[in-house]
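One structure is given here, and the rest of the page talks about it.
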Amino acid sequence: MEPTNPTPTNPSEGLTECPTRMLTADERALLESQGCVSRDWNLVRITDMTDLRLIRDTRFAGHVGIGRLESPCRIEGCSLTDTLVGDDCTVEHVPGGIEGATIKPSATIRNVASIRFEPEAACGVGAEVCVLDETGSRPVRIYPGLSAQAAALMARCPRWAAESLYPAISDFLESKVPGPVIGEGAEIMDCGEILNVSVGAGASIRGARRLANGTVINNSGSTRPLAFVGNGVDAENFIVEDGRLDSGAIVRNCYIGQGATLEKGFSAHDSLFFANCSLENGEACALFAGPYTVSMHKSTLLIGCQTSFMNAGSATNQSNHMYKLGAVHWGVLERGVKTSSNSYLMLGANIGAFSLLMGSHKTHPDSTQFPFSYLFGDERGATVVVPAVMLRSCGLMRDEKKWPTRDRRLKRRLPLHDRISFEVLSPLTVDRMLEALATIDELLGRPADDDRFVRYRGMKFSRASLERALMLYRIAIYKYLDQRLPDGIFPESDGGEPQKWVDLAGQIITRQLLERIMQTDSLPEIEEMLTESFERREEEELLWIA
């Protein structure tokens, strides 16, 4: 059998401070007296700082290297096959053995059924997540460092991704494969089978039931790690990056991003979870969970939709399958949407920013033009919209202030992958309100139907609610200008047309930038462009106001 990992011959490998050497005859005899066996003792290497009295009941196969070993560390009750063990590691009670691994210094492995790496295992990197459309027409390729913005581009622009991006990033994805590594200071304890799972430095796995083809990454310091996989977790084809899986979560084909938490029996497949999402008890299928998506209740199903800053009420439900074409329907719940208990939405549908969804909606509404609205489902499943009424809620101000303070990524000195715009009143929402004013003027010029409602794009409006919306939208626009221009002086215009704005999974960008991004096929270059725009946001916003 060819060794998966060659044995290090010098300290530059980073596993041991001392050169390794073969065992002497007396050392072999000592190990054998302590219950150790090997197919070929000539393939086992140690250092002068390896205390062999701490190695008991261990089977060696293939090329095995062991670094410095001093009490209280020990190696006991396991088998090591083509494996390198760094300085000051503890490996105890792994009856199924460890195969093909590189264990970095100070790692702890205890009471684990087995840890095995197959040759050239990708460890979840490059796995396809069939988000939004469950038929697989919008796959997102996951990798360490994936941002919500890059993922949104892949999911929302599938033709560009398939024709331009994916053919050009094979080398980039290959460079992100972490290899068969258990990182420095990592902990793996009381777990079942672990197959092709790379564990980053300082990460912790405790009590997981089964893990296969994944990567657990901790970018923060070892004192306050975010990466954790806990009790009863069953995960396959996944990346956990500064996120948390715990208490019976079941995951298939998922990315769990920085500060995101899935626990208390939550199950998910083909879904993406970005910064500070918190999901418990319910279920997600083909969900694009942008930053701060929250679902805490049982009987809640989030399926085939994109969200951000969302709060799902108990028994929130969506359907993407109308029993004709299959699960091809999907929708967008723009930032800040809340759903009441027992709400139901038939996809495809698009719900405007900072709206409240109540009741059952079966007419595929598109309320993106009317942010800050209440949407009621009537007895027939039609959508009654009360536009702008959410602007009267003090909860908007509360949300805008609480989100930054609940950012779990802060104070840990880690690179922030997701760029997040927290503002409630922004160029995006103000632009929508300006459009709504013109639309409302047009709707008020129409006669109401027999039921006294005005109908527009599958939605129903009362004349009174439209008249009130005119006032509330205008007040909100004035409020926005007062916030951005406290001295009351408008900036100078460059004479060009005002830009349109897009919410790219939590980051508000101009459509012009989106068009520039579509002309490149380099992920690092795309991230650089997004970061530059994020840093220049105030300048771009003032130009738009002018």
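In the structure tokens, each chain is lettered A, B, ... as it comes, each chain's residues begin at 1, and ligands are numbered from 1 in order of appearance.
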Handout entry: Those of region 22-250 of chain A in DSSP alpha helix (DSSP H), formatted as an NGL selection string
Key = :A and (25-33 or 148-156 or 158-160 or 170-176)
Print the selection's residues with C-alpha atoms to a file, as a PDB file, in the first residue's frame.
ATOM      1  CA  ALA A  25      15.388  -3.416  18.835  1.00  0.00           C
ATOM      2  CA  ASP A  26      14.896  -2.600  22.535  1.00  0.00           C
ATOM      3  CA  GLU A  27      12.231  -0.013  21.680  1.00  0.00           C
ATOM      4  CA  ARG A  28      10.365  -2.536  19.532  1.00  0.00           C
ATOM      5  CA  ALA A  29      10.486  -5.037  22.361  1.00  0.00           C
ATOM      6  CA  LEU A  30       9.135  -2.424  24.803  1.00  0.00           C
ATOM      7  CA  LEU A  31       6.210  -1.580  22.526  1.00  0.00           C
ATOM      8  CA  GLU A  32       5.394  -5.245  21.975  1.00  0.00           C
ATOM      9  CA  SER A  33       5.420  -5.839  25.734  1.00  0.00           C
ATOM     10  CA  ALA A 148     -22.794  35.162   0.811  1.00  0.00           C
ATOM     11  CA  GLN A 149     -22.254  37.535  -2.094  1.00  0.00           C
ATOM     12  CA  ALA A 150     -20.252  35.075  -4.224  1.00  0.00           C
ATOM     13  CA  ALA A 151     -22.787  32.334  -3.510  1.00  0.00           C
ATOM     14  CA  ALA A 152     -25.666  34.619  -4.495  1.00  0.00           C
ATOM     15  CA  LEU A 153     -23.997  35.317  -7.834  1.00  0.00           C
ATOM     16  CA  MET A 154     -23.662  31.593  -8.536  1.00  0.00           C
ATOM     17  CA  ALA A 155     -27.260  30.843  -7.535  1.00  0.00           C
ATOM     18  CA  ARG A 156     -28.959  33.820  -9.179  1.00  0.00           C
ATOM     19  CA  PRO A 158     -26.613  30.104 -13.204  1.00  0.00           C
ATOM     20  CA  ARG A 159     -25.832  30.506 -16.896  1.00  0.00           C
ATOM     21  CA  TRP A 160     -22.918  32.857 -16.160  1.00  0.00           C
ATOM     22  CA  SER A 170     -10.972  24.392 -10.935  1.00  0.00           C
ATOM     23  CA  ASP A 171      -7.429  25.336  -9.861  1.00  0.00           C
ATOM     24  CA  PHE A 172      -8.828  27.796  -7.295  1.00  0.00           C
ATOM     25  CA  LEU A 173     -11.044  25.114  -5.749  1.00  0.00           C
ATOM     26  CA  GLU A 174      -8.193  22.601  -5.743  1.00  0.00           C
ATOM     27  CA  SER A 175      -6.053  25.086  -3.815  1.00  0.00           C
ATOM     28  CA  LYS A 176      -8.779  25.278  -1.151  1.00  0.00           C
TER      29      LYS A 176
END
Practice task
Determine, counting only C-alpha atoms, which protein, DNA and RNA residues have an atom within 9 Å of an atom of Met189 (chain A); residues of the same chain fewer than 2 positions away are not included. Present the result as number ranges by chain.
Solution key: A: 108-112, 187, 191, 204-208
Restricted to N, CA, C and O atoms, what would the selected residues look like written as a JSON list (two decimals), in the first residue's frame?
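What follows is the written file result.json:
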[["chain", "number", "residue", "atom", "x", "y", "z"],
["A", 108, "THR", "N", -6.24, 16.45, 20.20],
["A", 108, "THR", "CA", -6.76, 15.42, 21.10],
["A", 108, "THR", "C", -7.83, 14.61, 20.38],
["A", 108, "THR", "O", -8.80, 15.17, 19.87],
["A", 109, "ILE", "N", -7.65, 13.30, 20.33],
["A", 109, "ILE", "CA", -8.63, 12.39, 19.74],
["A", 109, "ILE", "C", -8.93, 11.32, 20.78],
["A", 109, "ILE", "O", -8.03, 10.58, 21.20],
["A", 110, "ARG", "N", -10.20, 11.22, 21.19],
["A", 110, "ARG", "CA", -10.54, 10.30, 22.27],
["A", 110, "ARG", "C", -11.94, 9.71, 22.07],
["A", 110, "ARG", "O", -12.88, 10.44, 21.77],
["A", 111, "ASN", "N", -12.08, 8.41, 22.19],
["A", 111, "ASN", "CA", -13.37, 7.73, 22.10],
["A", 111, "ASN", "C", -14.08, 8.03, 20.77],
["A", 111, "ASN", "O", -15.18, 8.55, 20.73],
["A", 112, "VAL", "N", -13.43, 7.66, 19.69],
["A", 112, "VAL", "CA", -13.97, 7.87, 18.35],
["A", 112, "VAL", "C", -14.02, 6.51, 17.64],
["A", 112, "VAL", "O", -13.05, 5.74, 17.73],
["A", 187, "GLU", "N", -9.90, 19.19, 18.73],
["A", 187, "GLU", "CA", -10.44, 18.16, 19.62],
["A", 187, "GLU", "C", -11.48, 17.34, 18.87],
["A", 187, "GLU", "O", -12.39, 17.90, 18.25],
["A", 191, "CYS", "N", -17.16, 10.40, 19.40],
["A", 191, "CYS", "CA", -17.84, 10.48, 18.10],
["A", 191, "CYS", "C", -17.95, 9.10, 17.45],
["A", 191, "CYS", "O", -17.23, 8.16, 17.81],
["A", 204, "SER", "N", -13.46, 22.10, 17.34],
["A", 204, "SER", "CA", -13.88, 21.09, 18.31],
["A", 204, "SER", "C", -15.05, 20.27, 17.77],
["A", 204, "SER", "O", -16.02, 20.83, 17.26],
["A", 205, "ILE", "N", -14.92, 18.95, 17.85],
["A", 205, "ILE", "CA", -16.00, 18.02, 17.49],
["A", 205, "ILE", "C", -16.24, 17.13, 18.69],
["A", 205, "ILE", "O", -15.35, 16.37, 19.09],
["A", 206, "ARG", "N", -17.43, 17.19, 19.27],
["A", 206, "ARG", "CA", -17.73, 16.43, 20.47],
["A", 206, "ARG", "C", -19.10, 15.74, 20.34],
["A", 206, "ARG", "O", -20.11, 16.41, 20.24],
["A", 207, "GLY", "N", -19.10, 14.45, 20.30],
["A", 207, "GLY", "CA", -20.35, 13.70, 20.33],
["A", 207, "GLY", "C", -21.05, 13.55, 19.00],
["A", 207, "GLY", "O", -22.21, 13.13, 18.98],
["A", 208, "ALA", "N", -20.40, 13.89, 17.88],
["A", 208, "ALA", "CA", -21.05, 13.76, 16.58],
["A", 208, "ALA", "C", -21.35, 12.29, 16.28],
["A", 208, "ALA", "O", -20.55, 11.40, 16.57]]
Exercise for the section: Rank A:Asp494, A:Glu128, A:Asp190, A:Glu535 by their smallest atom-to-atom distance to Phe238 (chain A), using only C-alpha atoms, and report the top residue only. Expected result: A:Glu128
Problem - In region 59-107 of chain A, DSSP strand (DSSP E or B) residues written as a ChimeraX atom specification - result: /A:59-66,69,75-85,90-99,102-103
For the residues selected in the previous step, produce a file with C-alpha atoms as an mmCIF file, in the first residue's frame.
data_model
loop_
_atom_site.group_PDB
_atom_site.id
_atom_site.type_symbol
_atom_site.label_atom_id
_atom_site.label_comp_id
_atom_site.auth_asym_id
_atom_site.auth_seq_id
_atom_site.Cartn_x
_atom_site.Cartn_y
_atom_site.Cartn_z
ATOM 1 C CA ARG A 59 -1.550 -1.409 16.027
ATOM 2 C CA PHE A 60 0.739 0.139 13.392
ATOM 3 C CA ALA A 61 0.336 -0.358 9.632
ATOM 4 C CA GLY A 62 2.119 1.375 6.798
ATOM 5 C CA HIS A 63 4.182 4.510 7.335
ATOM 6 C CA VAL A 64 3.602 5.915 10.824
ATOM 7 C CA GLY A 65 5.429 8.812 12.463
ATOM 8 C CA ILE A 66 5.128 9.950 16.077
ATOM 9 C CA LEU A 69 5.181 12.412 23.488
ATOM 10 C CA ILE A 75 -1.461 6.924 22.469
ATOM 11 C CA GLU A 76 -3.585 3.960 23.534
ATOM 12 C CA GLY A 77 -6.245 1.575 22.274
ATOM 13 C CA CYS A 78 -6.167 2.397 18.565
ATOM 14 C CA SER A 79 -4.616 1.521 15.234
ATOM 15 C CA LEU A 80 -2.585 3.937 13.131
ATOM 16 C CA THR A 81 -2.353 3.344 9.382
ATOM 17 C CA ASP A 82 -0.255 5.655 7.182
ATOM 18 C CA THR A 83 -0.654 8.362 9.797
ATOM 19 C CA LEU A 84 1.604 11.062 11.244
ATOM 20 C CA VAL A 85 1.107 12.165 14.849
ATOM 21 C CA THR A 90 -3.370 12.442 22.720
ATOM 22 C CA VAL A 91 -4.948 9.588 20.755
ATOM 23 C CA GLU A 92 -7.040 7.193 22.853
ATOM 24 C CA HIS A 93 -9.671 4.539 22.243
ATOM 25 C CA VAL A 94 -10.217 4.642 18.461
ATOM 26 C CA PRO A 95 -11.216 0.998 17.854
ATOM 27 C CA GLY A 96 -11.775 1.432 14.115
ATOM 28 C CA GLY A 97 -8.416 3.132 13.760
ATOM 29 C CA ILE A 98 -7.020 6.240 12.130
ATOM 30 C CA GLU A 99 -5.989 5.968 8.497
ATOM 31 C CA THR A 102 -1.839 14.046 9.508
ATOM 32 C CA ILE A 103 -2.436 14.965 13.156
#
Handout entry: Nearest candidate to His269 (chain A) (options A:Ser220, A:Ser341, A:Asn281, A:Asn237; using only C-alpha atoms)
Key =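 Counting only C-alpha atoms, the residue closest to His269 (chain A) is A:Asn237.
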Practice task
Figure out the distance between CA of Ser147 (chain A) and CA of Leu262 (chain A), please, to one decimal in Å.
Solution key: 18.2 Å
